[in-house]
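> One structure, pasted below without further comment.
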Amino acid sequence: MVKIQRFFADYRKQIVMGTTILLILAEFFHFIIVMNLPYQVIMAVVGLIGLIPILLTAISSLRVKLISIDVLVSIAVIGAFIIGEYNEAAIVTWLFMFGEVLENITLQKTRNAVQQLTQLAPQTALVLNDDGSTEEEDVDFIDPGTHVLIKTGAKVPVDGQVLTGTALLNEASVTGEAKLIQKQAGESVFAGTIVENGVITVNTTAAGDDTTFGKIIELVEEAQDSQTKTQRFIDKFSQYYTPFVLVVSLLVGLLTRDVRLAITVMVLGCPGALVIGVPASTVAGIGNGAKHGILFKGSDVMDRLHKVDTMVFDKTGTLTAGQPKVAAVEVINGDRQTIINQLVAIEQQSDHPLAKAIQQLTTTESPIVSESKTIKGRGLQAKIADHEYMVGNLNLATSFLGDNQALQATVSRLSQEGNSIVIFANASQTELAVFGIKDQLRPDSTKALQQLKQLGISNLIMLTGDNQETANQIATALPLDDVHAQMLPQDKASFVKSLQEQGHQVAFVGDGINDSPALAQADVAVAMGSGTDVAMDVADLVLVNSNLSNLVRGLKLAKHTIKNMNENIIIALITVILLFIGLFVGYVEMASGMLIHELSILIVILNSMRLIHFSAQN
């Protein structure tokens, strides 16, 4: 039986084409030559061919104690044969098979986003040997530490770090952003991205399914196979609905003594559009998100996200870039550029986050630092051309310089503006400057929060471990409803829980290990793709390119997908109701009803496919 089922599945399209030709031939005998016997024989053959795969599937479902749509159609077709309605049997089975072919074609299109991702996954890599030669190797057999050569036009086959060379990469497959990114030694690259120009050698950190790209594909495939509460309800509903239709058709047959009417009730009562509509929306919606770097870990996430009324944001790395930059340079004494040159040269000796921010400043020359000594918790002292300098906080500056009113006033003002302070000075104070460093808002933060408000998020709240002064400075530039500072990880989780106890549906957006308790507590956990693995593991929704505008897109997509599901349910229910009304008033027959039934299935699938082309501008 399994072999026969596989045969009909493998050659479904050819069988439909063959039976279509037979139906045309039958109609030729019926209307042109007017020969009833060949017409009836051909119709019986078509009905029998169509019945076999439907009946085998029905038997399989009955074995697991499930009364499926195939059971109803099988009984209806067998009944049509018994009463001699071969033409009805043929048309119903042909429509059923033809409908399945069209459904498979259209459903396949809804999975295109994942297929396109899978096709982007490279299968081989050009491994660089110790002697300088190269050989092609399957990515699944490449270990971390392997050196891989990647040329212009090639796909990056592994995750890793650039060892040599520079290149322009298209990272759209991972981040959803099509702009080219320049990569050079020390920077990370991801499998599935494309080298548009340049040649690089990469030290492998992950390959195959372990790469970022491989995990994205796995996440999307798992998500597309997941179910919303609505879908689970409909699946359960159909288990009881189908036997109900069977009982109703038997009662109709017994009461009316009209076997044809009872058989028609079975055919028209099939809940095909109802069953297929919700998963079709799910597959299309999740695929659309994946294409734009928005990874929903299940369709149930969409269901929860569209109900969210409160969004809570961690500050660092979420609303801000998480990379401090020099925001102010206040020179009290000396030449500005000379001071910057000397400070950058000294800070090259340190890997402190504030030092890294200063290292980004533009220099015109690089003086040589002869000595450098770290003073724990305060800064460092260094020598340049036998002149002694200090770099550090106000405590170090006071001990090094004594009281300086101009310095203290400048430090106080920059601190009130939310800056971390780095003071640079020489012993004679002929060179003295204060550098204000602070984390910068993401360019899209303000606009994204405004759009979230427009989408119905009534409460936008920021939580941070920073002091209240710094938090308030950030908050003034954002359309936030509330700000809470000096929050420990457990405090953030408790705060989210308190909001839930007040009846709010809460989404938490974060990126770090310290955000994990709050992410786990939230109704929807959103992680920035630039964050830690722990945060992304806990999250329900991952924004691959750490762009808050994608949070807006994700919310719009979730709302639109749920709306699309509901539209499909309404279409399916209205179709069944109208079919039964038409049947009992005499306007619908078995064949015409089956045609309408199959069309309704196609309509809900085509409606779902609109999600593939949905954009944030819709």
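The way I read the labels, and the way they are meant: chains A, B, ... in the order of the structure tokens, residue 1 as the first residue of every chain, and ligand 1 as the first ligand shown, with later ones counted on from there.
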Counting only C-alpha atoms, what is within 8 Å of A:Thr362, bar same-chain residues fewer than 2 positions away, as a VMD selection string?
chain A and resid 340 360 364
> Neighbouring residues of stretch 67-75 of chain A were defined as those with any atom within 9 Å, considering only C-alpha atoms; residues of the same chain fewer than 5 positions away were excluded. Please report them as a short mmCIF file (atom, residue, chain, number, x, y, z; two decimals) with C-alpha atoms, in the first residue's frame.

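The file below, part-v5.cif, is the result:
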data_model
loop_
_atom_site.label_atom_id
_atom_site.label_comp_id
_atom_site.auth_asym_id
_atom_site.auth_seq_id
_atom_site.Cartn_x
_atom_site.Cartn_y
_atom_site.Cartn_z
CA LEU A 51 -10.36 7.24 -5.79
CA ILE A 52 -7.32 4.99 -5.23
CA ILE A 54 -7.76 9.21 -1.68
CA LEU A 55 -8.98 5.87 -0.35
CA LEU A 56 -5.47 4.72 0.63
CA THR A 57 -4.91 7.94 2.58
CA ALA A 58 -8.31 7.52 4.24
CA ILE A 59 -7.41 3.99 5.32
CA SER A 61 -5.89 7.93 8.80
CA LEU A 62 -8.50 5.47 10.10
CA ALA A 80 -21.59 7.90 -6.18
CA VAL A 92 -15.09 15.06 -7.53
CA THR A 93 -11.88 12.96 -7.49
CA PHE A 96 -9.66 16.82 -5.33
CA SER A 238 -11.26 19.56 12.70
CA GLN A 239 -10.82 16.25 14.54
CA TYR A 240 -14.37 16.60 15.89
CA THR A 242 -15.12 15.89 10.34
CA PRO A 243 -16.90 13.05 12.22
CA VAL A 245 -20.13 16.10 9.12
CA LEU A 246 -20.18 12.33 8.58
CA ILE A 263 -23.08 12.19 -0.33
CA MET A 266 -20.01 14.83 2.94
CA VAL A 267 -18.13 16.46 0.07
CA GLY A 269 -18.55 19.70 4.59
CA CYS A 270 -14.81 19.05 4.23
CA PRO A 271 -12.92 21.70 6.29
CA GLY A 272 -10.02 21.96 3.83
#
> Compile the contact shell of A:Val576 as a tab-separated table (two decimals) with N, CA and C atoms, in the first residue's frame: residues with an atom at most 12 Å away, counting only C-alpha atoms, same-chain residues fewer than 5 positions apart removed.

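Printed below is result.tsv as written:
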chain	number	residue	atom	x	y	z
A	245	VAL	N	-19.60	16.01	10.49
A	245	VAL	CA	-20.13	16.10	9.12
A	245	VAL	C	-20.59	14.72	8.65
A	265	VAL	N	-23.42	16.30	1.00
A	265	VAL	CA	-23.14	16.92	2.31
A	265	VAL	C	-21.73	16.54	2.78
A	266	MET	N	-21.35	15.28	2.55
A	266	MET	CA	-20.01	14.83	2.94
A	266	MET	C	-18.93	15.62	2.20
A	267	VAL	N	-19.13	15.78	0.89
A	267	VAL	CA	-18.13	16.46	0.07
A	267	VAL	C	-18.00	17.93	0.46
A	268	LEU	N	-19.14	18.60	0.61
A	268	LEU	CA	-19.12	20.05	0.86
A	268	LEU	C	-18.71	20.39	2.29
A	269	GLY	N	-18.87	19.43	3.20
A	269	GLY	CA	-18.55	19.70	4.59
A	269	GLY	C	-17.08	19.58	4.93
A	270	CYS	N	-16.25	19.19	3.96
A	270	CYS	CA	-14.81	19.05	4.23
A	270	CYS	C	-14.20	20.39	4.64
A	271	PRO	N	-13.47	20.43	5.79
A	271	PRO	CA	-12.92	21.70	6.29
A	271	PRO	C	-11.54	22.03	5.72
A	272	GLY	N	-11.34	21.79	4.43
A	272	GLY	CA	-10.02	21.96	3.83
A	272	GLY	C	-9.44	23.35	3.99
A	273	ALA	N	-10.21	24.37	3.61
A	273	ALA	CA	-9.70	25.74	3.68
A	273	ALA	C	-9.43	26.15	5.12
A	274	LEU	N	-10.25	25.65	6.04
A	274	LEU	CA	-10.09	25.99	7.45
A	274	LEU	C	-8.78	25.42	8.00
A	569	ILE	N	-9.68	32.17	8.12
A	569	ILE	CA	-10.71	31.45	8.88
A	569	ILE	C	-12.10	31.92	8.45
A	570	ILE	N	-12.26	33.23	8.30
A	570	ILE	CA	-13.56	33.78	7.89
A	570	ILE	C	-13.93	33.30	6.49
A	571	ILE	N	-12.96	33.32	5.56
A	571	ILE	CA	-13.21	32.86	4.19
A	571	ILE	C	-13.67	31.41	4.20
A	581	ILE	N	-26.09	26.40	2.26
A	581	ILE	CA	-27.31	27.13	1.89
A	581	ILE	C	-27.67	26.86	0.44
A	582	GLY	N	-26.64	26.95	-0.43
A	582	GLY	CA	-26.87	26.69	-1.86
A	582	GLY	C	-27.32	25.27	-2.11
A	583	LEU	N	-26.80	24.33	-1.35
A	583	LEU	CA	-27.17	22.92	-1.52
A	583	LEU	C	-28.64	22.69	-1.19
A	588	VAL	N	-26.65	24.34	-5.65
A	588	VAL	CA	-25.33	23.72	-5.65
A	588	VAL	C	-25.47	22.21	-5.71
A	593	GLY	N	-20.19	22.10	-6.15
A	593	GLY	CA	-19.82	22.38	-4.77
A	593	GLY	C	-18.36	22.04	-4.50
A	594	MET	N	-17.90	20.92	-5.07
A	594	MET	CA	-16.50	20.52	-4.89
A	594	MET	C	-15.57	21.54	-5.54
A	596	ILE	N	-16.16	24.77	-5.93
A	596	ILE	CA	-16.13	25.95	-5.06
A	596	ILE	C	-15.28	25.68	-3.82
A	597	HIS	N	-15.42	24.46	-3.30
A	597	HIS	CA	-14.66	24.07	-2.12
A	597	HIS	C	-13.15	24.15	-2.39
A	598	GLU	N	-12.71	23.60	-3.52
A	598	GLU	CA	-11.29	23.64	-3.87
A	598	GLU	C	-10.82	25.06	-4.14
A	599	LEU	N	-11.70	25.86	-4.76
A	599	LEU	CA	-11.35	27.26	-5.01
A	599	LEU	C	-11.15	28.02	-3.70
A	600	SER	N	-11.95	27.69	-2.69
A	600	SER	CA	-11.81	28.37	-1.39
A	600	SER	C	-10.46	28.06	-0.77
A	601	ILE	N	-9.98	26.82	-0.96
A	601	ILE	CA	-8.66	26.45	-0.45
A	601	ILE	C	-7.58	27.27	-1.14
> Name all residues at most 9 Å from A:Gly160 (count only C-alpha atoms; drop same-chain ones fewer than 6 positions away) and give them as a list in words.
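Selected residues are Pro144, Gly145, Glu187, Ser188, Val189, Phe190, Ala191, Val202, Asn203, Thr204, Thr205, Ala206 and Ala207 of chain A.
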> Write down as a PyMOL selection string the residues belonging to stretch 193-337 of chain A that are assigned alpha helix (DSSP H) by DSSP computed on the backbone.
chain A and resi 212-224+229-256+259-268+272-291+299-305+336-337
> With only C-alpha atoms as the atoms that count, which of A:Gly465, A:Gly153, A:Gly47, A:Gly298 lies nearest to A:Leu541?
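Comparing A:Gly465, A:Gly153, A:Gly47, A:Gly298 against A:Leu541, the winner is A:Gly298.
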> Using 10 Å as the limit and counting only C-alpha atoms, can you tabulate each residue of stretch 328-370 of chain A that touches stretch 399-423 of chain A, with its shortest atom-to-atom distance in Å and the two atoms involved, as a tab-separated table?

residue	atom	partner	partner_atom	distance
A:Ala328	CA	A:Leu414	CA	7.9
A:Val329	CA	A:Leu414	CA	9.7
A:Glu330	CA	A:Thr410	CA	7.6
A:Val331	CA	A:Thr410	CA	9.6
A:Ile332	CA	A:Leu407	CA	7.5
A:Leu343	CA	A:Ile423	CA	9.6
A:Leu354	CA	A:Val422	CA	7.9
A:Ala355	CA	A:Val422	CA	9.0
A:Ile358	CA	A:Val422	CA	9.2
> Go ahead and save the picked residues with C-alpha atoms, as a PDB file, in the first residue's frame.

ATOM      1  CA  ALA A 328      32.997  66.294  24.110  1.00  0.00           C
ATOM      2  CA  VAL A 329      36.563  67.624  24.150  1.00  0.00           C
ATOM      3  CA  GLU A 330      37.095  70.621  26.467  1.00  0.00           C
ATOM      4  CA  VAL A 331      40.637  72.051  26.204  1.00  0.00           C
ATOM      5  CA  ILE A 332      41.513  74.267  29.197  1.00  0.00           C
ATOM      6  CA  LEU A 343      46.378  61.073  24.605  1.00  0.00           C
ATOM      7  CA  LEU A 354      37.027  54.384  27.628  1.00  0.00           C
ATOM      8  CA  ALA A 355      40.530  53.990  26.195  1.00  0.00           C
ATOM      9  CA  ILE A 358      39.655  57.635  22.710  1.00  0.00           C
TER      10      ILE A 358
END
